[in-house]
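Below: one structure, written as structure tokens.
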Number of protein chains: 2
Amino acid sequence: MGSSKGNLLVGQSGGPTAVINGSLVGVIHEALQQESIGEIYGMLHGIAGVLHEEFIDLRRESPQTLELLRHTPASALGTVRYKVKDEDYERLLEVFKIHDIRYFFYIGGNDSADTTHKVGQLAAHQGYELYAIGVPKTVDNDLPITDHCPGYGSAARFVASAVRNTGLDTIAMGDSGPLKLMEIMGRNAGWLAGAAVLAKERPEDPPQLIYLPERGVSPEQIVEDVRHCYSELGYCVVAVSEGLKNEKGQEISAGAGKVEVDAFGHQRKAGVVEYLAGLVREAIGETVRWDKPQYLQRSFGELISSVDREEAYQVGRAAVRAAVAGQSDQEVTLIRLPGREYAVETGLAPLSEIANVEHKVPAEYINAQGNGVTESFVEYARPLIGGPLAPYARLAKHRVPKRIRR
Amino acid sequence: MGSSKGNLLVGQSGGPTAVINGSLVGVIHEALQQESIGEIYGMLHGIAGVLHEEFIDLRRESPQTLELLRHTPASALGTVRYKVKDEDYERLLEVFKIHDIRYFFYIGGNDSADTTHKVGQLAAHQGYELYAIGVPKTVDNDLPITDHCPGYGSAARFVASAVRNTGLDTIAMGDSGPLKLMEIMGRNAGWLAGAAVLAKERPEDPPQLIYLPERGVSPEQIVEDVRHCYSELGYCVVAVSEGLKNEKGQEISAGAGKVEVDAFGHQRKAGVVEYLAGLVREAIGETVRWDKPQYLQRSFGELISSVDREEAYQVGRAAVRAAVAGQSDQEVTLIRLPGREYAVETGLAPLSEIANVEHKVPAEYINAQGNGVTESFVEYARPLIGGPLAPYARLAKHRVPKRIRR
């Protein structure tokens, strides 16, 4: 490592995903091929690991472990939810200097891009040579500029599968439970709730209704939509974003008639799906069931999208190549190429344009009624889940004539 | 079909499972080979479909559809939750007679066994030749006599995977969210909650604590268990059965300080996991997260146990063979064979001994503290999920020496 310009430090931040370790492996694999990179360090629990000098030596991990890591969900280095304070940045740079860190890669979402941007700026201000690159990651898919975020495709595949399975369960129940709601991750952006549409093969397949936080909708409208769907089909499966807002832009669960009191008498906000299930049950008088898979959506290692796995790996490699080529203060992006076959290439965008910007589902992806997504959304999202879901059978159901007349 | 003794009728009842269609296909495949069987009819939505003469002709389904059906979750014929009334049985027999039904197969749990038993008894009482056989199905695994129930192994595989994935997610979060609870199906029997143990490869792996409804435990004890685990490991992942009882045998969520009020002011019972999460949060002061995958546990077609799929199919075939051999008023069972390699054969047990009997987790499968399962439970359950979960990587985490002394 005599020719190296310095050491590399990589970390993971924010909510884990099913493929965030793929980006880590991409960074390591590319770094192993670059002569200008000396040690390859991983920070434990993100930027908190830098503040406390908690580093591990990634050159000492075996090739077999790294290969298996591409198939292992959740952040192997540990992650953190910590908003870096102004006074922390000096400390970060002090740690960088003493460990001769010249390459800094932070795999995360909007907040992580902001951290990476500020570290890069401070280093530049102090004349310390540092190549700082952000690596995109979020199941919420809410980063700007990039076509989509690694992590989203696998979470979307889980959501599509979950809605398809619970939808079949609902249809099977018939009159014994024809109404089902599923709450889907995404506090401010409905990308993941929208992906429920990928459960559909035919128009009558679940989900019948999809509600995104971008479009305010009154609980009364939701009840009417369910009533209409139920009277037409005899069942109704609804995908609801956890961050759903009413027509006034207020979160639907908060203070809307529902109070949850814990063991100590404190009031708590209840989830949107429990609230809506109660509302629909009271209004329609049928059994309403709901699912809330929560953290399974971002961690389900058995249902990783092959496209997402590969892209997560490639953004890690691209980050290292960019840094070695002299780039800094940039985020790796995915650029969808024109053409009939789905293909992407990696690009770069200034971190300042990524940091703290939330990219929501645009209006042309939401239907006019605000209770579903459009065909253009389907075209956008379908390639990201990595091939169609496994085929399921449908009985032809040839009826036997009735013999008793009454 | 000139030599046939009569027609066959098959139905599905109770909660769907990921492999209940496998039993249906087993019935059809075996029936297609039996000369004594004429028409092969399926009832739509279980016994309700008999009362309303809603039958489909299963001979007209294609071989390809039937093969794919073995990989398709939920009840393809539709299911029902309907307790058959005394006055219904005459009607059932009337329908049987007019369609010349001589073979009756009902795929379901305890209630379905009761229905099948009563139908068989009434036919015998009236001198109507009928061969009525119950086919076991339930994710709760709570039928007596049989070693286990088809449907359980696949649900157990989902639970083990879900706990492993959300457990990795929890460990990755570190101080930003070290406590996680998952609510698992099973109102009265903890077989499925116990299966969470199959997420473990090493002693420190999640789940750390498992609570079953068979053993009453006070909420205070659960809080203390979590506190102890958290102080030892820095994280704690808990599997909780939905039907958990306190030390007095009362359901933990009911009236235990938690009130949920819907939009119309009606009080509702909240789930055990929400209640316990609030309790732990207040007591320990750390972020507590929870998952509630509900109906995904019994419907997740992407995670079917290969053992369960095959056994579900074989109990269907065995039911038809038994009926054609002249058996009636029996339930097919699974008998585990002695020996180091897991193997089962099918058997028969009188429906009267299955009907309405709940088989709970025996004391020797629950640990002394009441917060986990024993090694003998692991030996019982492990073969049923169909091979180990896919391997995940673990970093060796060689530490880099700190350079800043403070």
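Ordered as shown in the structure tokens, chains take letters A, B, and onward, while each chain numbers its residues from 1 and ligands are numbered from 1 in the order shown.
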Mind dumping a table of every chain A residue within 6 Å of chain B, with the nearest atom pair and its distance in Å to one decimal, using only C-alpha atoms, sorted by chain and rising number, as a Markdown table?
```
| residue | atom | partner | partner_atom | distance |
| --- | --- | --- | --- | --- |
| A:Glu53 | CA | B:Lys402 | CA | 6.0 |
| A:Phe55 | CA | B:Val400 | CA | 5.3 |
| A:Ile56 | CA | B:Arg399 | CA | 4.4 |
| A:Asp57 | CA | B:His398 | CA | 5.5 |
| A:Thr65 | CA | B:Ala393 | CA | 5.6 |
| A:Leu68 | CA | B:Ala393 | CA | 5.2 |
| A:Leu69 | CA | B:Ala393 | CA | 5.0 |
| A:Thr72 | CA | B:Tyr392 | CA | 5.1 |
| A:Ala74 | CA | B:Asp169 | CA | 5.0 |
| A:Ser75 | CA | B:Ala172 | CA | 5.4 |
| A:Gly78 | CA | B:Ala172 | CA | 4.1 |
| A:Thr79 | CA | B:Met173 | CA | 5.3 |
| A:Val80 | CA | B:Ser176 | CA | 5.8 |
| A:Arg81 | CA | B:Ser176 | CA | 5.7 |
| A:Asn165 | CA | B:Ser299 | CA | 5.4 |
| A:Thr166 | CA | B:Leu296 | CA | 6.0 |
| A:Leu168 | CA | B:Ala74 | CA | 5.9 |
| A:Asp169 | CA | B:Ala74 | CA | 5.0 |
| A:Ala172 | CA | B:Gly78 | CA | 4.1 |
| A:Met173 | CA | B:Thr79 | CA | 5.3 |
| A:Ser176 | CA | B:Arg81 | CA | 5.7 |
| A:Gly257 | CA | B:Ala263 | CA | 4.6 |
| A:Lys258 | CA | B:Asp262 | CA | 5.1 |
| A:Val259 | CA | B:Val261 | CA | 5.6 |
| A:Glu260 | CA | B:Glu260 | CA | 5.0 |
| A:Val261 | CA | B:Lys258 | CA | 5.3 |
| A:Asp262 | CA | B:Lys258 | CA | 5.2 |
| A:Ala263 | CA | B:Gly257 | CA | 4.6 |
| A:Asp291 | CA | B:Gln294 | CA | 5.3 |
| A:Lys292 | CA | B:Lys292 | CA | 5.1 |
| A:Pro293 | CA | B:Pro293 | CA | 4.3 |
| A:Gln294 | CA | B:Asp291 | CA | 5.3 |
| A:Leu296 | CA | B:Thr166 | CA | 6.0 |
| A:Ser299 | CA | B:Asn165 | CA | 5.5 |
| A:Phe300 | CA | B:Asn165 | CA | 5.8 |
| A:Tyr392 | CA | B:Thr72 | CA | 5.1 |
| A:Ala393 | CA | B:Leu69 | CA | 5.0 |
| A:Lys397 | CA | B:Ile56 | CA | 5.4 |
| A:His398 | CA | B:Ile56 | CA | 5.2 |
| A:Arg399 | CA | B:Ile56 | CA | 4.4 |
| A:Val400 | CA | B:Ile56 | CA | 5.2 |
| A:Lys402 | CA | B:Glu53 | CA | 6.0 |
```
Would you put the residues from that selection into a file with N, CA and C atoms, as a tab-separated table (two decimals), in the first residue's frame?
```
chain	number	residue	atom	x	y	z
A	53	GLU	N	-14.67	6.86	17.45
A	53	GLU	CA	-13.54	6.09	16.88
A	53	GLU	C	-13.79	4.59	16.91
A	55	PHE	N	-14.03	1.78	14.77
A	55	PHE	CA	-13.77	1.35	13.40
A	55	PHE	C	-13.45	-0.14	13.36
A	56	ILE	N	-13.82	-0.79	12.24
A	56	ILE	CA	-13.37	-2.16	12.02
A	56	ILE	C	-12.61	-2.23	10.71
A	57	ASP	N	-11.75	-3.24	10.62
A	57	ASP	CA	-10.86	-3.40	9.46
A	57	ASP	C	-11.52	-4.31	8.44
A	65	THR	N	-17.42	-14.14	3.20
A	65	THR	CA	-18.31	-13.31	4.00
A	65	THR	C	-18.86	-12.16	3.17
A	68	LEU	N	-21.56	-13.39	0.75
A	68	LEU	CA	-22.80	-13.69	1.47
A	68	LEU	C	-23.47	-12.40	1.97
A	69	LEU	N	-22.66	-11.40	2.24
A	69	LEU	CA	-23.18	-10.13	2.73
A	69	LEU	C	-24.10	-9.45	1.71
A	72	THR	N	-27.57	-10.50	2.55
A	72	THR	CA	-27.92	-10.37	3.96
A	72	THR	C	-28.54	-9.00	4.22
A	74	ALA	N	-30.34	-5.71	6.38
A	74	ALA	CA	-30.02	-4.85	7.52
A	74	ALA	C	-28.56	-4.40	7.46
A	75	SER	N	-28.25	-3.34	8.18
A	75	SER	CA	-26.94	-2.69	8.08
A	75	SER	C	-25.91	-3.46	8.91
A	78	GLY	N	-23.97	-1.68	11.43
A	78	GLY	CA	-24.79	-0.95	12.39
A	78	GLY	C	-25.12	0.42	11.82
A	79	THR	N	-26.27	0.94	12.20
A	79	THR	CA	-26.69	2.24	11.69
A	79	THR	C	-27.01	3.15	12.86
A	80	VAL	N	-27.49	4.35	12.54
A	80	VAL	CA	-27.75	5.32	13.60
A	80	VAL	C	-28.79	6.32	13.10
A	81	ARG	N	-29.56	6.82	14.02
A	81	ARG	CA	-30.39	8.00	13.73
A	81	ARG	C	-29.88	9.11	14.63
A	165	ASN	N	-50.63	-11.78	-1.38
A	165	ASN	CA	-50.94	-12.91	-0.51
A	165	ASN	C	-52.13	-12.62	0.42
A	166	THR	N	-52.08	-11.47	1.06
A	166	THR	CA	-53.19	-11.15	1.98
A	166	THR	C	-54.46	-10.89	1.18
A	168	LEU	N	-55.33	-12.61	-1.61
A	168	LEU	CA	-55.88	-13.95	-1.87
A	168	LEU	C	-56.58	-14.49	-0.63
A	169	ASP	N	-55.96	-14.25	0.52
A	169	ASP	CA	-56.54	-14.69	1.80
A	169	ASP	C	-57.90	-14.03	2.00
A	172	ALA	N	-60.52	-15.45	-0.36
A	172	ALA	CA	-60.90	-16.80	0.10
A	172	ALA	C	-61.90	-16.74	1.25
A	173	MET	N	-61.78	-15.72	2.10
A	173	MET	CA	-62.66	-15.62	3.27
A	173	MET	C	-64.11	-15.33	2.88
A	176	SER	N	-67.05	-14.15	5.24
A	176	SER	CA	-66.52	-14.22	6.60
A	176	SER	C	-65.44	-13.19	6.88
A	257	GLY	N	-60.75	11.39	16.61
A	257	GLY	CA	-61.76	10.58	17.28
A	257	GLY	C	-61.17	9.36	17.96
A	258	LYS	N	-59.90	9.08	17.71
A	258	LYS	CA	-59.27	7.88	18.24
A	258	LYS	C	-58.25	8.28	19.30
A	259	VAL	N	-58.41	7.71	20.47
A	259	VAL	CA	-57.47	7.98	21.54
A	259	VAL	C	-56.93	6.66	22.06
A	260	GLU	N	-55.64	6.59	22.19
A	260	GLU	CA	-55.03	5.39	22.73
A	260	GLU	C	-54.38	5.79	24.05
A	261	VAL	N	-54.70	5.08	25.10
A	261	VAL	CA	-54.20	5.43	26.42
A	261	VAL	C	-53.33	4.30	26.92
A	262	ASP	N	-52.10	4.60	27.32
A	262	ASP	CA	-51.24	3.52	27.76
A	262	ASP	C	-51.45	3.24	29.24
A	263	ALA	N	-50.64	2.35	29.78
A	263	ALA	CA	-50.83	1.87	31.14
A	263	ALA	C	-50.70	2.98	32.17
A	291	ASP	N	-53.36	-5.70	8.27
A	291	ASP	CA	-51.98	-6.16	8.45
A	291	ASP	C	-51.09	-4.94	8.64
A	292	LYS	N	-50.06	-5.11	9.43
A	292	LYS	CA	-49.11	-4.00	9.66
A	292	LYS	C	-47.71	-4.60	9.72
A	293	PRO	N	-47.14	-4.92	8.58
A	293	PRO	CA	-45.86	-5.64	8.60
A	293	PRO	C	-44.66	-4.79	9.00
A	294	GLN	N	-44.83	-3.49	9.10
A	294	GLN	CA	-43.81	-2.58	9.62
A	294	GLN	C	-42.40	-2.86	9.10
A	296	LEU	N	-40.68	-5.45	8.58
A	296	LEU	CA	-40.45	-6.54	7.62
A	296	LEU	C	-40.30	-5.97	6.21
A	299	SER	N	-36.62	-5.24	5.56
A	299	SER	CA	-35.59	-6.18	6.02
A	299	SER	C	-35.75	-7.59	5.49
A	300	PHE	N	-36.69	-7.83	4.59
A	300	PHE	CA	-37.05	-9.22	4.28
A	300	PHE	C	-36.06	-9.85	3.29
A	392	TYR	N	-49.22	-17.73	-9.68
A	392	TYR	CA	-50.19	-18.44	-8.84
A	392	TYR	C	-51.28	-18.99	-9.75
A	393	ALA	N	-51.91	-20.09	-9.30
A	393	ALA	CA	-52.99	-20.70	-10.08
A	393	ALA	C	-54.31	-19.97	-9.86
A	397	LYS	N	-63.21	-22.78	-12.40
A	397	LYS	CA	-64.50	-22.78	-11.68
A	397	LYS	C	-65.71	-22.99	-12.60
A	398	HIS	N	-65.72	-24.11	-13.32
A	398	HIS	CA	-66.91	-24.47	-14.10
A	398	HIS	C	-68.02	-24.86	-13.13
A	399	ARG	N	-69.15	-24.18	-13.21
A	399	ARG	CA	-70.23	-24.41	-12.25
A	399	ARG	C	-70.98	-25.72	-12.54
A	400	VAL	N	-71.35	-26.39	-11.49
A	400	VAL	CA	-72.23	-27.56	-11.57
A	400	VAL	C	-73.67	-27.06	-11.44
A	402	LYS	N	-77.38	-26.46	-10.37
A	402	LYS	CA	-78.11	-26.76	-9.14
A	402	LYS	C	-79.26	-27.71	-9.44
```
Just the residues within 9 Å of stretch 318-335 of chain B, please, counting only C-alpha atoms, with nothing from its chain fewer than 3 positions along; format it as an MDAnalysis selection string. chainID B and resid 26:28 30:31 34 36:37 103:105 113 116:121 130:136 145:150 311 313:315 343:352 354
Alpha helix (DSSP H) call set, DSSP backbone run, stretch 116-326 of chain A, as a PyMOL selection string: chain A and resi 116-125+152-173+191-194+219-233+272-284+296-299+306-324
Can you work out which one of B:Leu92, B:Gly339, B:Pro63, B:Ile47 has the shortest atom-to-atom distance to B:Leu32, counting only C-alpha atoms? B:Pro63
Judged by only C-alpha atoms, the minimum distance to A:Asp114 among A:Ala283, A:Gln33, A:Lys83, A:Glu90 is found for A:Lys83
Please return as a ChimeraX atom specification: the residues of stretch 47-272 of chain A that backbone DSSP assigns to strand (DSSP E or B). /A:55-57,101-108,131-136,179-184,209-211,236-241,245,251,259-261,267-268
Just N, CA, C and O atoms for this one: save the residues we selected as a compact mmCIF listing (two decimals), in the first residue's frame.
```
# COMPACT_ATOMS: atom_id res chain seq x y z
N PHE A 55 -14.03 1.78 14.77
CA PHE A 55 -13.77 1.35 13.40
C PHE A 55 -13.45 -0.14 13.36
O PHE A 55 -12.85 -0.68 14.29
N ILE A 56 -13.82 -0.79 12.24
CA ILE A 56 -13.37 -2.16 12.02
C ILE A 56 -12.61 -2.23 10.71
O ILE A 56 -12.78 -1.39 9.82
N ASP A 57 -11.75 -3.24 10.62
CA ASP A 57 -10.86 -3.40 9.46
C ASP A 57 -11.52 -4.31 8.44
O ASP A 57 -11.56 -5.53 8.61
N ILE A 101 -7.77 9.37 6.99
CA ILE A 101 -8.92 9.06 6.14
C ILE A 101 -8.98 10.09 5.00
O ILE A 101 -9.11 11.30 5.24
N ARG A 102 -8.89 9.62 3.76
CA ARG A 102 -8.96 10.51 2.59
C ARG A 102 -10.17 10.20 1.72
O ARG A 102 -10.51 10.97 0.84
N TYR A 103 -10.77 9.04 1.96
CA TYR A 103 -11.96 8.64 1.20
C TYR A 103 -13.09 8.35 2.18
O TYR A 103 -12.94 7.49 3.06
N PHE A 104 -14.18 9.04 2.00
CA PHE A 104 -15.29 8.93 2.95
C PHE A 104 -16.57 8.61 2.18
O PHE A 104 -16.97 9.37 1.29
N PHE A 105 -17.19 7.48 2.52
CA PHE A 105 -18.42 7.06 1.84
C PHE A 105 -19.52 6.84 2.87
O PHE A 105 -19.33 6.07 3.82
N TYR A 106 -20.63 7.51 2.66
CA TYR A 106 -21.72 7.39 3.63
C TYR A 106 -22.97 6.93 2.88
O TYR A 106 -23.47 7.62 1.99
N ILE A 107 -23.44 5.73 3.24
CA ILE A 107 -24.57 5.11 2.57
C ILE A 107 -25.83 5.48 3.35
O ILE A 107 -25.98 5.07 4.51
N GLY A 108 -26.71 6.28 2.74
CA GLY A 108 -27.88 6.71 3.49
C GLY A 108 -28.84 7.54 2.66
O GLY A 108 -28.75 7.56 1.43
N TYR A 131 -12.02 13.06 -0.16
CA TYR A 131 -12.99 12.76 -1.21
C TYR A 131 -14.22 12.14 -0.55
O TYR A 131 -14.16 11.00 -0.08
N ALA A 132 -15.28 12.92 -0.47
CA ALA A 132 -16.49 12.51 0.27
C ALA A 132 -17.62 12.29 -0.73
O ALA A 132 -18.01 13.21 -1.45
N ILE A 133 -18.13 11.07 -0.74
CA ILE A 133 -19.19 10.71 -1.70
C ILE A 133 -20.36 10.07 -0.96
O ILE A 133 -20.17 9.19 -0.13
N GLY A 134 -21.58 10.50 -1.31
CA GLY A 134 -22.79 9.90 -0.75
C GLY A 134 -23.26 8.72 -1.61
O GLY A 134 -23.21 8.78 -2.84
N VAL A 135 -23.71 7.68 -0.95
CA VAL A 135 -24.22 6.50 -1.65
C VAL A 135 -25.71 6.39 -1.30
O VAL A 135 -26.06 6.27 -0.13
N PRO A 136 -26.60 6.43 -2.31
CA PRO A 136 -28.03 6.51 -2.02
C PRO A 136 -28.60 5.22 -1.45
O PRO A 136 -28.22 4.12 -1.85
N LEU A 179 -63.12 -7.61 3.83
CA LEU A 179 -62.47 -6.31 3.77
C LEU A 179 -61.12 -6.36 4.48
O LEU A 179 -61.03 -6.84 5.62
N LYS A 180 -60.09 -5.87 3.81
CA LYS A 180 -58.73 -5.93 4.37
C LYS A 180 -57.99 -4.63 4.08
O LYS A 180 -58.04 -4.10 2.97
N LEU A 181 -57.29 -4.15 5.09
CA LEU A 181 -56.43 -2.97 4.93
C LEU A 181 -55.00 -3.35 5.27
O LEU A 181 -54.77 -4.10 6.22
N MET A 182 -54.04 -2.84 4.52
CA MET A 182 -52.64 -3.02 4.89
C MET A 182 -51.97 -1.65 4.99
O MET A 182 -52.08 -0.83 4.09
N GLU A 183 -51.27 -1.44 6.11
CA GLU A 183 -50.54 -0.18 6.29
C GLU A 183 -49.12 -0.35 5.77
O GLU A 183 -48.44 -1.32 6.10
N ILE A 184 -48.69 0.60 4.96
CA ILE A 184 -47.41 0.49 4.26
C ILE A 184 -46.52 1.68 4.62
O ILE A 184 -46.99 2.81 4.77
N LEU A 209 -57.84 -0.37 -3.83
CA LEU A 209 -57.67 1.05 -3.49
C LEU A 209 -56.28 1.26 -2.90
O LEU A 209 -55.80 0.43 -2.13
N ILE A 210 -55.65 2.36 -3.30
CA ILE A 210 -54.33 2.72 -2.78
C ILE A 210 -54.35 4.20 -2.41
O ILE A 210 -54.71 5.04 -3.23
N TYR A 211 -53.96 4.49 -1.16
CA TYR A 211 -53.96 5.89 -0.72
C TYR A 211 -52.55 6.33 -0.35
O TYR A 211 -51.87 5.68 0.45
N CYS A 236 -62.83 -6.15 -0.80
CA CYS A 236 -62.06 -4.95 -1.08
C CYS A 236 -60.76 -4.99 -0.27
O CYS A 236 -60.79 -5.20 0.94
N VAL A 237 -59.64 -4.84 -0.96
CA VAL A 237 -58.32 -4.83 -0.32
C VAL A 237 -57.71 -3.45 -0.54
O VAL A 237 -57.65 -2.97 -1.67
N VAL A 238 -57.28 -2.82 0.56
CA VAL A 238 -56.85 -1.43 0.53
C VAL A 238 -55.41 -1.31 1.01
O VAL A 238 -55.05 -1.85 2.06
N ALA A 239 -54.58 -0.61 0.25
CA ALA A 239 -53.21 -0.30 0.67
C ALA A 239 -53.19 1.15 1.14
O ALA A 239 -53.60 2.05 0.41
N VAL A 240 -52.74 1.36 2.38
CA VAL A 240 -52.77 2.69 2.98
C VAL A 240 -51.37 3.09 3.42
O VAL A 240 -50.71 2.36 4.17
N SER A 241 -50.93 4.24 3.00
CA SER A 241 -49.63 4.73 3.46
C SER A 241 -49.73 5.15 4.92
O SER A 241 -50.72 5.75 5.34
N LYS A 245 -52.78 11.65 4.84
CA LYS A 245 -53.31 12.92 5.33
C LYS A 245 -54.77 13.06 4.90
O LYS A 245 -55.17 12.51 3.88
N GLU A 251 -52.58 14.61 9.50
CA GLU A 251 -52.48 13.16 9.58
C GLU A 251 -53.80 12.57 10.05
O GLU A 251 -54.40 13.04 11.00
N VAL A 259 -58.41 7.71 20.47
CA VAL A 259 -57.47 7.98 21.54
C VAL A 259 -56.93 6.66 22.06
O VAL A 259 -57.68 5.72 22.31
N GLU A 260 -55.64 6.59 22.19
CA GLU A 260 -55.03 5.39 22.73
C GLU A 260 -54.38 5.79 24.05
O GLU A 260 -53.64 6.76 24.11
N VAL A 261 -54.70 5.08 25.10
CA VAL A 261 -54.20 5.43 26.42
C VAL A 261 -53.33 4.30 26.92
O VAL A 261 -53.76 3.15 26.95
N GLN A 267 -51.80 9.64 26.62
CA GLN A 267 -52.41 9.42 25.31
C GLN A 267 -51.33 9.19 24.26
O GLN A 267 -50.28 9.80 24.29
N ARG A 268 -51.61 8.31 23.36
CA ARG A 268 -50.68 8.01 22.27
C ARG A 268 -51.42 8.11 20.95
O ARG A 268 -52.59 7.80 20.87
```
Would you mind reading off the distance between atom CA of A:Leu93 and atom CA of A:Ala123, one decimal, in Å?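 Computed distance, atom CA of A:Leu93 to atom CA of A:Ala123, equals 7.1 Å.
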